[in-house]
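Undergrad: This is structure.cif, which holds mmCIF, N, CA and C atoms:
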```cif
data_upload
loop_
_atom_site.group_PDB
_atom_site.id
_atom_site.type_symbol
_atom_site.label_atom_id
_atom_site.label_comp_id
_atom_site.auth_asym_id
_atom_site.auth_seq_id
_atom_site.Cartn_x
_atom_site.Cartn_y
_atom_site.Cartn_z
ATOM 1 N N MET A 192 -30.992 1.404 -5.149
ATOM 2 C CA MET A 192 -30.077 2.123 -4.298
ATOM 3 C C MET A 192 -30.690 3.450 -3.889
ATOM 4 N N ASP A 193 -30.336 3.862 -2.696
ATOM 5 C CA ASP A 193 -30.857 5.146 -2.246
ATOM 6 C C ASP A 193 -30.037 6.291 -2.840
ATOM 7 N N GLU A 194 -30.564 7.480 -2.706
ATOM 8 C CA GLU A 194 -29.950 8.661 -3.327
ATOM 9 C C GLU A 194 -28.555 8.950 -2.769
ATOM 10 N N GLU A 195 -28.376 8.744 -1.474
ATOM 11 C CA GLU A 195 -27.074 9.015 -0.848
ATOM 12 C C GLU A 195 -25.991 8.082 -1.393
ATOM 13 N N THR A 196 -26.325 6.817 -1.575
ATOM 14 C CA THR A 196 -25.365 5.858 -2.123
ATOM 15 C C THR A 196 -24.984 6.231 -3.543
ATOM 16 N N LEU A 197 -25.967 6.597 -4.350
ATOM 17 C CA LEU A 197 -25.693 7.005 -5.726
ATOM 18 C C LEU A 197 -24.818 8.252 -5.769
ATOM 19 N N GLU A 198 -25.060 9.173 -4.855
ATOM 20 C CA GLU A 198 -24.266 10.400 -4.799
ATOM 21 C C GLU A 198 -22.808 10.083 -4.452
ATOM 22 N N LYS A 199 -22.590 9.183 -3.503
ATOM 23 C CA LYS A 199 -21.228 8.791 -3.122
ATOM 24 C C LYS A 199 -20.518 8.089 -4.276
ATOM 25 N N GLN A 200 -21.238 7.243 -4.987
ATOM 26 C CA GLN A 200 -20.645 6.569 -6.141
ATOM 27 C C GLN A 200 -20.253 7.579 -7.210
ATOM 28 N N GLN A 201 -21.083 8.585 -7.423
ATOM 29 C CA GLN A 201 -20.797 9.594 -8.440
ATOM 30 C C GLN A 201 -19.564 10.403 -8.065
ATOM 31 N N ILE A 202 -19.379 10.703 -6.781
ATOM 32 C CA ILE A 202 -18.184 11.422 -6.336
ATOM 33 C C ILE A 202 -16.939 10.603 -6.657
ATOM 34 N N ALA A 203 -17.000 9.299 -6.398
ATOM 35 C CA ALA A 203 -15.850 8.436 -6.674
ATOM 36 C C ALA A 203 -15.565 8.343 -8.170
ATOM 37 N N ILE A 204 -16.594 8.398 -8.978
ATOM 38 C CA ILE A 204 -16.425 8.304 -10.430
ATOM 39 C C ILE A 204 -15.915 9.618 -11.008
ATOM 40 N N ASP A 205 -16.473 10.740 -10.562
ATOM 41 C CA ASP A 205 -16.143 12.047 -11.129
ATOM 42 C C ASP A 205 -14.706 12.470 -10.883
ATOM 43 N N GLY A 206 -14.183 12.179 -9.753
ATOM 44 C CA GLY A 206 -12.838 12.627 -9.418
ATOM 45 C C GLY A 206 -12.885 13.994 -8.775
ATOM 46 N N CYS A 207 -12.426 14.081 -7.575
ATOM 47 C CA CYS A 207 -12.390 15.335 -6.847
ATOM 48 C C CYS A 207 -11.333 15.203 -5.759
ATOM 49 N N ARG A 208 -11.195 16.215 -4.947
ATOM 50 C CA ARG A 208 -10.191 16.160 -3.882
ATOM 51 C C ARG A 208 -10.415 14.970 -2.967
ATOM 52 N N GLU A 209 -11.672 14.688 -2.670
ATOM 53 C CA GLU A 209 -11.978 13.568 -1.790
ATOM 54 C C GLU A 209 -11.556 12.248 -2.415
ATOM 55 N N THR A 210 -11.795 12.107 -3.710
ATOM 56 C CA THR A 210 -11.389 10.891 -4.409
ATOM 57 C C THR A 210 -9.871 10.764 -4.419
ATOM 58 N N ALA A 211 -9.190 11.861 -4.639
ATOM 59 C CA ALA A 211 -7.722 11.847 -4.612
ATOM 60 C C ALA A 211 -7.234 11.377 -3.255
ATOM 61 N N PHE A 212 -7.871 11.856 -2.202
ATOM 62 C CA PHE A 212 -7.498 11.446 -0.851
ATOM 63 C C PHE A 212 -7.730 9.956 -0.652
ATOM 64 N N ILE A 213 -8.854 9.449 -1.150
ATOM 65 C CA ILE A 213 -9.157 8.017 -1.022
ATOM 66 C C ILE A 213 -8.073 7.186 -1.700
ATOM 67 N N TYR A 214 -7.669 7.568 -2.906
ATOM 68 C CA TYR A 214 -6.610 6.840 -3.610
ATOM 69 C C TYR A 214 -5.307 6.879 -2.810
ATOM 70 N N ALA A 215 -4.947 8.053 -2.321
ATOM 71 C CA ALA A 215 -3.684 8.203 -1.595
ATOM 72 C C ALA A 215 -3.693 7.426 -0.285
ATOM 73 N N ILE A 216 -4.758 7.526 0.473
ATOM 74 C CA ILE A 216 -4.805 6.861 1.774
ATOM 75 C C ILE A 216 -4.870 5.348 1.613
ATOM 76 N N THR A 217 -5.530 4.876 0.562
ATOM 77 C CA THR A 217 -5.574 3.440 0.296
ATOM 78 C C THR A 217 -4.183 2.919 -0.027
ATOM 79 N N SER A 218 -3.473 3.622 -0.878
ATOM 80 C CA SER A 218 -2.119 3.217 -1.243
ATOM 81 C C SER A 218 -1.193 3.244 -0.030
ATOM 82 N N ALA A 219 -1.323 4.271 0.798
ATOM 83 C CA ALA A 219 -0.506 4.366 2.008
ATOM 84 C C ALA A 219 -0.822 3.225 2.970
ATOM 85 N N ALA A 220 -2.094 2.892 3.103
ATOM 86 C CA ALA A 220 -2.497 1.824 4.018
ATOM 87 C C ALA A 220 -1.967 0.469 3.568
ATOM 88 N N VAL A 221 -2.047 0.195 2.272
ATOM 89 C CA VAL A 221 -1.515 -1.068 1.756
ATOM 90 C C VAL A 221 -0.006 -1.121 1.979
ATOM 91 N N THR A 222 0.686 -0.036 1.677
ATOM 92 C CA THR A 222 2.136 0.019 1.866
ATOM 93 C C THR A 222 2.495 -0.246 3.323
ATOM 94 N N HIS A 223 1.832 0.433 4.225
ATOM 95 C CA HIS A 223 2.113 0.282 5.653
ATOM 96 C C HIS A 223 1.818 -1.135 6.133
ATOM 97 N N SER A 224 0.667 -1.671 5.734
ATOM 98 C CA SER A 224 0.270 -3.007 6.180
ATOM 99 C C SER A 224 1.243 -4.076 5.716
ATOM 100 N N ILE A 225 1.670 -3.986 4.467
ATOM 101 C CA ILE A 225 2.616 -4.972 3.938
ATOM 102 C C ILE A 225 3.968 -4.827 4.622
ATOM 103 N N ALA A 226 4.443 -3.606 4.785
ATOM 104 C CA ALA A 226 5.735 -3.388 5.454
ATOM 105 C C ALA A 226 5.693 -3.916 6.883
ATOM 106 N N LYS A 227 4.593 -3.698 7.574
ATOM 107 C CA LYS A 227 4.444 -4.169 8.950
ATOM 108 C C LYS A 227 4.393 -5.691 8.996
ATOM 109 N N ALA A 228 3.619 -6.297 8.098
ATOM 110 C CA ALA A 228 3.529 -7.757 8.051
ATOM 111 C C ALA A 228 4.887 -8.368 7.738
ATOM 112 N N CYS A 229 5.640 -7.702 6.899
ATOM 113 C CA CYS A 229 6.980 -8.167 6.568
ATOM 114 C C CYS A 229 7.850 -8.178 7.822
ATOM 115 N N SER A 230 7.789 -7.122 8.592
ATOM 116 C CA SER A 230 8.620 -7.036 9.792
ATOM 117 C C SER A 230 8.209 -8.063 10.842
ATOM 118 N N GLU A 231 6.961 -8.497 10.788
ATOM 119 C CA GLU A 231 6.485 -9.513 11.723
ATOM 120 C C GLU A 231 6.790 -10.923 11.228
ATOM 121 N N GLY A 232 7.304 -11.034 10.008
ATOM 122 C CA GLY A 232 7.660 -12.337 9.457
ATOM 123 C C GLY A 232 6.489 -13.144 8.948
ATOM 124 N N THR A 233 5.370 -12.496 8.650
ATOM 125 C CA THR A 233 4.186 -13.232 8.202
ATOM 126 C C THR A 233 4.073 -13.347 6.686
ATOM 127 N N ILE A 234 5.009 -12.762 5.965
ATOM 128 C CA ILE A 234 5.000 -12.852 4.505
ATOM 129 C C ILE A 234 6.240 -13.620 4.065
ATOM 130 N N GLU A 235 6.026 -14.773 3.441
ATOM 131 C CA GLU A 235 7.147 -15.624 3.043
ATOM 132 C C GLU A 235 8.047 -14.969 2.009
ATOM 133 N N SER A 236 7.474 -14.222 1.091
ATOM 134 C CA SER A 236 8.265 -13.645 0.007
ATOM 135 C C SER A 236 8.955 -12.347 0.404
ATOM 136 N N CYS A 237 8.800 -11.950 1.646
ATOM 137 C CA CYS A 237 9.428 -10.720 2.119
ATOM 138 C C CYS A 237 10.942 -10.885 2.150
ATOM 139 N N THR A 238 11.628 -9.807 1.873
ATOM 140 C CA THR A 238 13.082 -9.857 1.813
ATOM 141 C C THR A 238 13.726 -9.595 3.174
ATOM 142 N N CYS A 239 13.072 -10.019 4.215
ATOM 143 C CA CYS A 239 13.581 -9.846 5.572
ATOM 144 C C CYS A 239 14.819 -10.717 5.788
ATOM 145 N N ASP A 240 15.699 -10.279 6.663
ATOM 146 C CA ASP A 240 16.917 -11.025 6.968
ATOM 147 C C ASP A 240 16.679 -11.906 8.188
ATOM 148 N N TYR A 241 16.553 -13.206 7.956
ATOM 149 C CA TYR A 241 16.332 -14.147 9.046
ATOM 150 C C TYR A 241 17.635 -14.787 9.519
ATOM 151 N N SER A 242 18.755 -14.349 9.020
ATOM 152 C CA SER A 242 20.033 -14.993 9.334
ATOM 153 C C SER A 242 20.446 -14.816 10.791
ATOM 154 N N HIS A 243 19.802 -13.920 11.509
ATOM 155 C CA HIS A 243 20.168 -13.697 12.904
ATOM 156 C C HIS A 243 19.573 -14.733 13.846
ATOM 157 N N GLN A 244 18.664 -15.552 13.349
ATOM 158 C CA GLN A 244 18.074 -16.570 14.203
ATOM 159 C C GLN A 244 19.090 -17.680 14.431
ATOM 160 N N SER A 245 19.189 -18.127 15.662
ATOM 161 C CA SER A 245 20.098 -19.235 15.942
ATOM 162 C C SER A 245 19.314 -20.372 16.571
ATOM 163 N N LYS A 246 19.889 -21.550 16.507
ATOM 164 C CA LYS A 246 19.229 -22.718 17.077
ATOM 165 C C LYS A 246 19.278 -22.671 18.603
ATOM 166 N N VAL A 247 20.321 -22.066 19.125
ATOM 167 C CA VAL A 247 20.447 -21.899 20.573
ATOM 168 C C VAL A 247 19.915 -20.509 20.934
ATOM 169 N N PRO A 248 18.857 -20.455 21.714
ATOM 170 C CA PRO A 248 18.251 -19.151 22.012
ATOM 171 C C PRO A 248 19.090 -18.306 22.982
ATOM 172 N N VAL A 249 20.125 -17.668 22.455
ATOM 173 C CA VAL A 249 20.953 -16.774 23.255
ATOM 174 C C VAL A 249 20.184 -15.483 23.501
ATOM 175 N N TRP A 250 19.493 -15.039 22.496
ATOM 176 C CA TRP A 250 18.651 -13.859 22.596
ATOM 177 C C TRP A 250 17.444 -14.076 21.705
ATOM 178 N N GLU A 251 16.387 -13.398 21.976
ATOM 179 C CA GLU A 251 15.174 -13.569 21.183
ATOM 180 C C GLU A 251 15.185 -12.589 20.027
ATOM 181 N N TRP A 252 15.113 -13.143 18.830
ATOM 182 C CA TRP A 252 15.109 -12.323 17.623
ATOM 183 C C TRP A 252 13.747 -11.669 17.491
ATOM 184 N N GLY A 253 13.726 -10.369 17.342
ATOM 185 C CA GLY A 253 12.459 -9.640 17.298
ATOM 186 C C GLY A 253 11.937 -9.376 15.911
ATOM 187 N N GLY A 254 12.456 -10.035 14.910
ATOM 188 C CA GLY A 254 12.019 -9.793 13.544
ATOM 189 C C GLY A 254 12.939 -8.805 12.867
ATOM 190 N N CYS A 255 12.403 -8.006 12.012
ATOM 191 C CA CYS A 255 13.204 -6.999 11.330
ATOM 192 C C CYS A 255 12.437 -5.686 11.347
ATOM 193 N N SER A 256 13.099 -4.645 10.961
ATOM 194 C CA SER A 256 12.402 -3.363 10.893
ATOM 195 C C SER A 256 11.432 -3.396 9.711
ATOM 196 N N ASP A 257 10.498 -2.469 9.713
ATOM 197 C CA ASP A 257 9.519 -2.419 8.627
ATOM 198 C C ASP A 257 10.246 -2.307 7.291
ATOM 199 N N ASN A 258 9.945 -3.220 6.390
ATOM 200 C CA ASN A 258 10.575 -3.222 5.074
ATOM 201 C C ASN A 258 9.735 -2.350 4.147
ATOM 202 N N ILE A 259 9.953 -1.052 4.245
ATOM 203 C CA ILE A 259 9.133 -0.101 3.495
ATOM 204 C C ILE A 259 9.312 -0.265 1.993
ATOM 205 N N GLY A 260 10.518 -0.634 1.557
ATOM 206 C CA GLY A 260 10.758 -0.849 0.132
ATOM 207 C C GLY A 260 9.897 -1.969 -0.424
ATOM 208 N N PHE A 261 9.802 -3.062 0.327
ATOM 209 C CA PHE A 261 8.963 -4.181 -0.089
ATOM 210 C C PHE A 261 7.498 -3.761 -0.092
ATOM 211 N N GLY A 262 7.091 -2.990 0.925
ATOM 212 C CA GLY A 262 5.710 -2.511 0.996
ATOM 213 C C GLY A 262 5.346 -1.629 -0.179
ATOM 214 N N ILE A 263 6.271 -0.741 -0.550
ATOM 215 C CA ILE A 263 6.032 0.150 -1.691
ATOM 216 C C ILE A 263 5.933 -0.648 -2.979
ATOM 217 N N LYS A 264 6.850 -1.598 -3.168
ATOM 218 C CA LYS A 264 6.834 -2.418 -4.391
ATOM 219 C C LYS A 264 5.527 -3.206 -4.492
ATOM 220 N N PHE A 265 5.132 -3.842 -3.390
ATOM 221 C CA PHE A 265 3.903 -4.623 -3.397
ATOM 222 C C PHE A 265 2.694 -3.726 -3.660
ATOM 223 N N ALA A 266 2.635 -2.591 -2.970
ATOM 224 C CA ALA A 266 1.497 -1.679 -3.136
ATOM 225 C C ALA A 266 1.420 -1.156 -4.561
ATOM 226 N N ARG A 267 2.574 -0.867 -5.153
ATOM 227 C CA ARG A 267 2.588 -0.375 -6.535
ATOM 228 C C ARG A 267 1.977 -1.426 -7.465
ATOM 229 N N GLU A 268 2.353 -2.688 -7.280
ATOM 230 C CA GLU A 268 1.821 -3.755 -8.136
ATOM 231 C C GLU A 268 0.342 -4.014 -7.857
ATOM 232 N N PHE A 269 -0.051 -3.935 -6.594
ATOM 233 C CA PHE A 269 -1.422 -4.266 -6.209
ATOM 234 C C PHE A 269 -2.394 -3.112 -6.459
ATOM 235 N N VAL A 270 -2.055 -1.933 -5.972
ATOM 236 C CA VAL A 270 -2.979 -0.795 -6.035
ATOM 237 C C VAL A 270 -3.048 -0.200 -7.437
ATOM 238 N N ASP A 271 -1.928 -0.183 -8.142
ATOM 239 C CA ASP A 271 -1.901 0.444 -9.466
ATOM 240 C C ASP A 271 -2.447 -0.452 -10.572
ATOM 241 N N THR A 272 -2.824 -1.677 -10.249
ATOM 242 C CA THR A 272 -3.355 -2.586 -11.255
ATOM 243 C C THR A 272 -4.562 -1.957 -11.939
ATOM 244 N N GLY A 273 -4.566 -1.968 -13.231
ATOM 245 C CA GLY A 273 -5.673 -1.401 -13.998
ATOM 246 C C GLY A 273 -5.473 0.055 -14.368
ATOM 247 N N GLU A 274 -4.565 0.731 -13.702
ATOM 248 C CA GLU A 274 -4.275 2.136 -14.010
ATOM 249 C C GLU A 274 -2.998 2.170 -14.841
ATOM 250 N N ARG A 275 -3.114 2.407 -16.120
ATOM 251 C CA ARG A 275 -1.949 2.372 -17.001
ATOM 252 C C ARG A 275 -1.496 3.754 -17.458
ATOM 253 N N GLY A 276 -2.208 4.785 -17.053
ATOM 254 C CA GLY A 276 -1.828 6.134 -17.443
ATOM 255 C C GLY A 276 -2.169 6.469 -18.878
ATOM 256 N N ARG A 277 -3.205 5.825 -19.411
ATOM 257 C CA ARG A 277 -3.595 6.051 -20.807
ATOM 258 C C ARG A 277 -4.327 7.371 -20.997
ATOM 259 N N ASN A 278 -4.940 7.871 -19.931
ATOM 260 C CA ASN A 278 -5.657 9.145 -20.038
ATOM 261 C C ASN A 278 -5.385 9.975 -18.780
ATOM 262 N N PHE A 279 -5.899 11.185 -18.772
ATOM 263 C CA PHE A 279 -5.630 12.092 -17.657
ATOM 264 C C PHE A 279 -6.095 11.515 -16.330
ATOM 265 N N ARG A 280 -7.263 10.909 -16.322
ATOM 266 C CA ARG A 280 -7.823 10.347 -15.079
ATOM 267 C C ARG A 280 -6.924 9.254 -14.513
ATOM 268 N N GLU A 281 -6.447 8.358 -15.351
ATOM 269 C CA GLU A 281 -5.559 7.291 -14.885
ATOM 270 C C GLU A 281 -4.226 7.856 -14.403
ATOM 271 N N LYS A 282 -3.722 8.866 -15.097
ATOM 272 C CA LYS A 282 -2.478 9.512 -14.656
ATOM 273 C C LYS A 282 -2.674 10.162 -13.291
ATOM 274 N N MET A 283 -3.824 10.782 -13.083
ATOM 275 C CA MET A 283 -4.128 11.407 -11.802
ATOM 276 C C MET A 283 -4.210 10.349 -10.696
ATOM 277 N N ASN A 284 -4.853 9.234 -10.990
ATOM 278 C CA ASN A 284 -4.965 8.157 -10.006
ATOM 279 C C ASN A 284 -3.592 7.598 -9.647
ATOM 280 N N LEU A 285 -2.747 7.391 -10.656
ATOM 281 C CA LEU A 285 -1.392 6.900 -10.398
ATOM 282 C C LEU A 285 -0.606 7.890 -9.548
ATOM 283 N N HIS A 286 -0.769 9.165 -9.838
ATOM 284 C CA HIS A 286 -0.090 10.198 -9.046
ATOM 285 C C HIS A 286 -0.553 10.153 -7.590
ATOM 286 N N ASN A 287 -1.847 10.040 -7.378
ATOM 287 C CA ASN A 287 -2.381 10.000 -6.017
ATOM 288 C C ASN A 287 -1.929 8.745 -5.278
ATOM 289 N N ASN A 288 -1.868 7.623 -5.988
ATOM 290 C CA ASN A 288 -1.356 6.394 -5.378
ATOM 291 C C ASN A 288 0.093 6.580 -4.941
ATOM 292 N N GLU A 289 0.890 7.175 -5.812
ATOM 293 C CA GLU A 289 2.310 7.397 -5.505
ATOM 294 C C GLU A 289 2.462 8.372 -4.339
ATOM 295 N N ALA A 290 1.611 9.378 -4.276
ATOM 296 C CA ALA A 290 1.653 10.328 -3.157
ATOM 297 C C ALA A 290 1.384 9.614 -1.835
ATOM 298 N N GLY A 291 0.461 8.684 -1.855
ATOM 299 C CA GLY A 291 0.174 7.907 -0.645
ATOM 300 C C GLY A 291 1.352 7.056 -0.224
ATOM 301 N N ARG A 292 1.993 6.416 -1.191
ATOM 302 C CA ARG A 292 3.173 5.595 -0.872
ATOM 303 C C ARG A 292 4.317 6.458 -0.365
ATOM 304 N N ALA A 293 4.464 7.648 -0.921
ATOM 305 C CA ALA A 293 5.551 8.545 -0.518
ATOM 306 C C ALA A 293 5.363 9.047 0.909
ATOM 307 N N SER A 294 4.153 9.014 1.403
ATOM 308 C CA SER A 294 3.901 9.507 2.763
ATOM 309 C C SER A 294 4.486 8.585 3.823
ATOM 310 N N GLN A 295 4.889 7.407 3.406
ATOM 311 C CA GLN A 295 5.447 6.451 4.356
ATOM 312 C C GLN A 295 6.863 6.819 4.658
#
```
Represent the supplied structure as structure tokens.
TA:
Amino acid sequence: MDEETLEKQQIAIDGCRETAFIYAITSAAVTHSIAKACSEGTIESCTCDYSHQSKVPVWEWGGCSDNIGFGIKFAREFVDTGERGRNFREKMNLHNNEAGRASQ
């Protein structure tokens, strides 16, 4: 590996403001993507309300609004995996993940 790659890896390992931002923005992106996919009806397990669809097309159902609650729940389970809060670093990572989800 070249020196620049090793330096970037060390920044991610050490923990700094940039790393905190990466954790937060990743969590926010997962939350947003899942909530958006839910509203588009592409996730079967989404808690979207499909009861408005009728067999006779009186009006075209446009899906549902972004299900941010589902996105947050999914992101918490997906992004926080492996971070149990056993030490300061894991607690910091969990906090940054939660900050990203809260930005939604």
Undergrad: Give the answer as one residue: which of A:Ser294, A:Asn284, A:Asn278, A:Thr222 has the shortest atom-to-atom distance to A:Phe265, using all atoms listed in the file?
TA: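 Closest candidate: A:Thr222.
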Undergrad: Could you tell me how far atom N of A:Ile213 lies from atom CA of A:Asn258, in Å and to one decimal?
TA: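 About the pair atom N of A:Ile213 and atom CA of A:Asn258: they are 24.0 Å apart.
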Undergrad: So which residues touch A:Ala290 within 10 Å, counting only C-alpha atoms, skipping near sequence neighbours fewer than 5 positions away, as a JSON list (two decimals) with N, CA and C atoms, keeping the file's coordinate frame?
TA:
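out-v2.json, freshly written:
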```
[["chain", "number", "residue", "atom", "x", "y", "z"],
["A", 211, "ALA", "N", -9.19, 11.86, -4.64],
["A", 211, "ALA", "CA", -7.72, 11.85, -4.61],
["A", 211, "ALA", "C", -7.23, 11.38, -3.26],
["A", 212, "PHE", "N", -7.87, 11.86, -2.20],
["A", 212, "PHE", "CA", -7.50, 11.45, -0.85],
["A", 212, "PHE", "C", -7.73, 9.96, -0.65],
["A", 214, "TYR", "N", -7.67, 7.57, -2.91],
["A", 214, "TYR", "CA", -6.61, 6.84, -3.61],
["A", 214, "TYR", "C", -5.31, 6.88, -2.81],
["A", 215, "ALA", "N", -4.95, 8.05, -2.32],
["A", 215, "ALA", "CA", -3.68, 8.20, -1.60],
["A", 215, "ALA", "C", -3.69, 7.43, -0.28],
["A", 216, "ILE", "N", -4.76, 7.53, 0.47],
["A", 216, "ILE", "CA", -4.80, 6.86, 1.77],
["A", 216, "ILE", "C", -4.87, 5.35, 1.61],
["A", 218, "SER", "N", -3.47, 3.62, -0.88],
["A", 218, "SER", "CA", -2.12, 3.22, -1.24],
["A", 218, "SER", "C", -1.19, 3.24, -0.03],
["A", 219, "ALA", "N", -1.32, 4.27, 0.80],
["A", 219, "ALA", "CA", -0.51, 4.37, 2.01],
["A", 219, "ALA", "C", -0.82, 3.22, 2.97],
["A", 284, "ASN", "N", -4.85, 9.23, -10.99],
["A", 284, "ASN", "CA", -4.96, 8.16, -10.01],
["A", 284, "ASN", "C", -3.59, 7.60, -9.65],
["A", 285, "LEU", "N", -2.75, 7.39, -10.66],
["A", 285, "LEU", "CA", -1.39, 6.90, -10.40],
["A", 285, "LEU", "C", -0.61, 7.89, -9.55],
["A", 295, "GLN", "N", 4.89, 7.41, 3.41],
["A", 295, "GLN", "CA", 5.45, 6.45, 4.36],
["A", 295, "GLN", "C", 6.86, 6.82, 4.66]]
```
Undergrad: Specify the axis-aligned box that encloses all atoms of stretch 220-225 of chain A listed in the file after padding of 6 Å on each side, stating its centre and edge lengths in Å to one decimal as JSON.
TA:
```
{"center_x": 0.7, "center_y": -1.0, "center_z": 3.9, "size_x": 18.5, "size_y": 19.9, "size_z": 16.5}
```
Undergrad: Separation of atom C of A:Val221 and atom CA of A:Arg277, in Å?
TA: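 Distance between the two atoms: 24.2 Å.
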Undergrad: Choose the residue, out of A:Gly262, A:Asp193, A:Met283, A:Arg292, that has the smallest atom-to-atom separation from A:Ile234; count only C-alpha atoms.
TA: A:Gly262
Undergrad: A:Glu268, A:Glu231, A:Glu274, A:Glu198: which is nearest A:Ser256, counting only C-alpha atoms?
TA: A:Glu231
Undergrad: Between atom N of A:Gly232 and atom N of A:Asn288, what is the distance in Å, rounded to a tenth?
TA: 26.2 Å
Undergrad: Considering only C-alpha atoms, can you say which of A:Asn287, A:Ser236, A:Thr272, A:Thr196 comes closest to A:Thr217?
TA: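 Checking each of A:Asn287, A:Ser236, A:Thr272, A:Thr196 against A:Thr217, counting only C-alpha atoms, the winner is A:Asn287.
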Undergrad: From the options A:Ile259, A:Met192, A:Leu197, A:Val270, which residue's atoms come nearest to A:His223, counting all atoms listed in the file?
TA: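 Smallest separation from A:His223 among the options: A:Ile259.
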Undergrad: Of the candidates A:Cys229, A:Cys237, A:Cys207, A:Ala220, which shows the shortest atom-to-atom distance to A:Ala266, using all atoms listed in the file?
TA: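 Ranked by minimum distance to A:Ala266, first place goes to A:Ala220.
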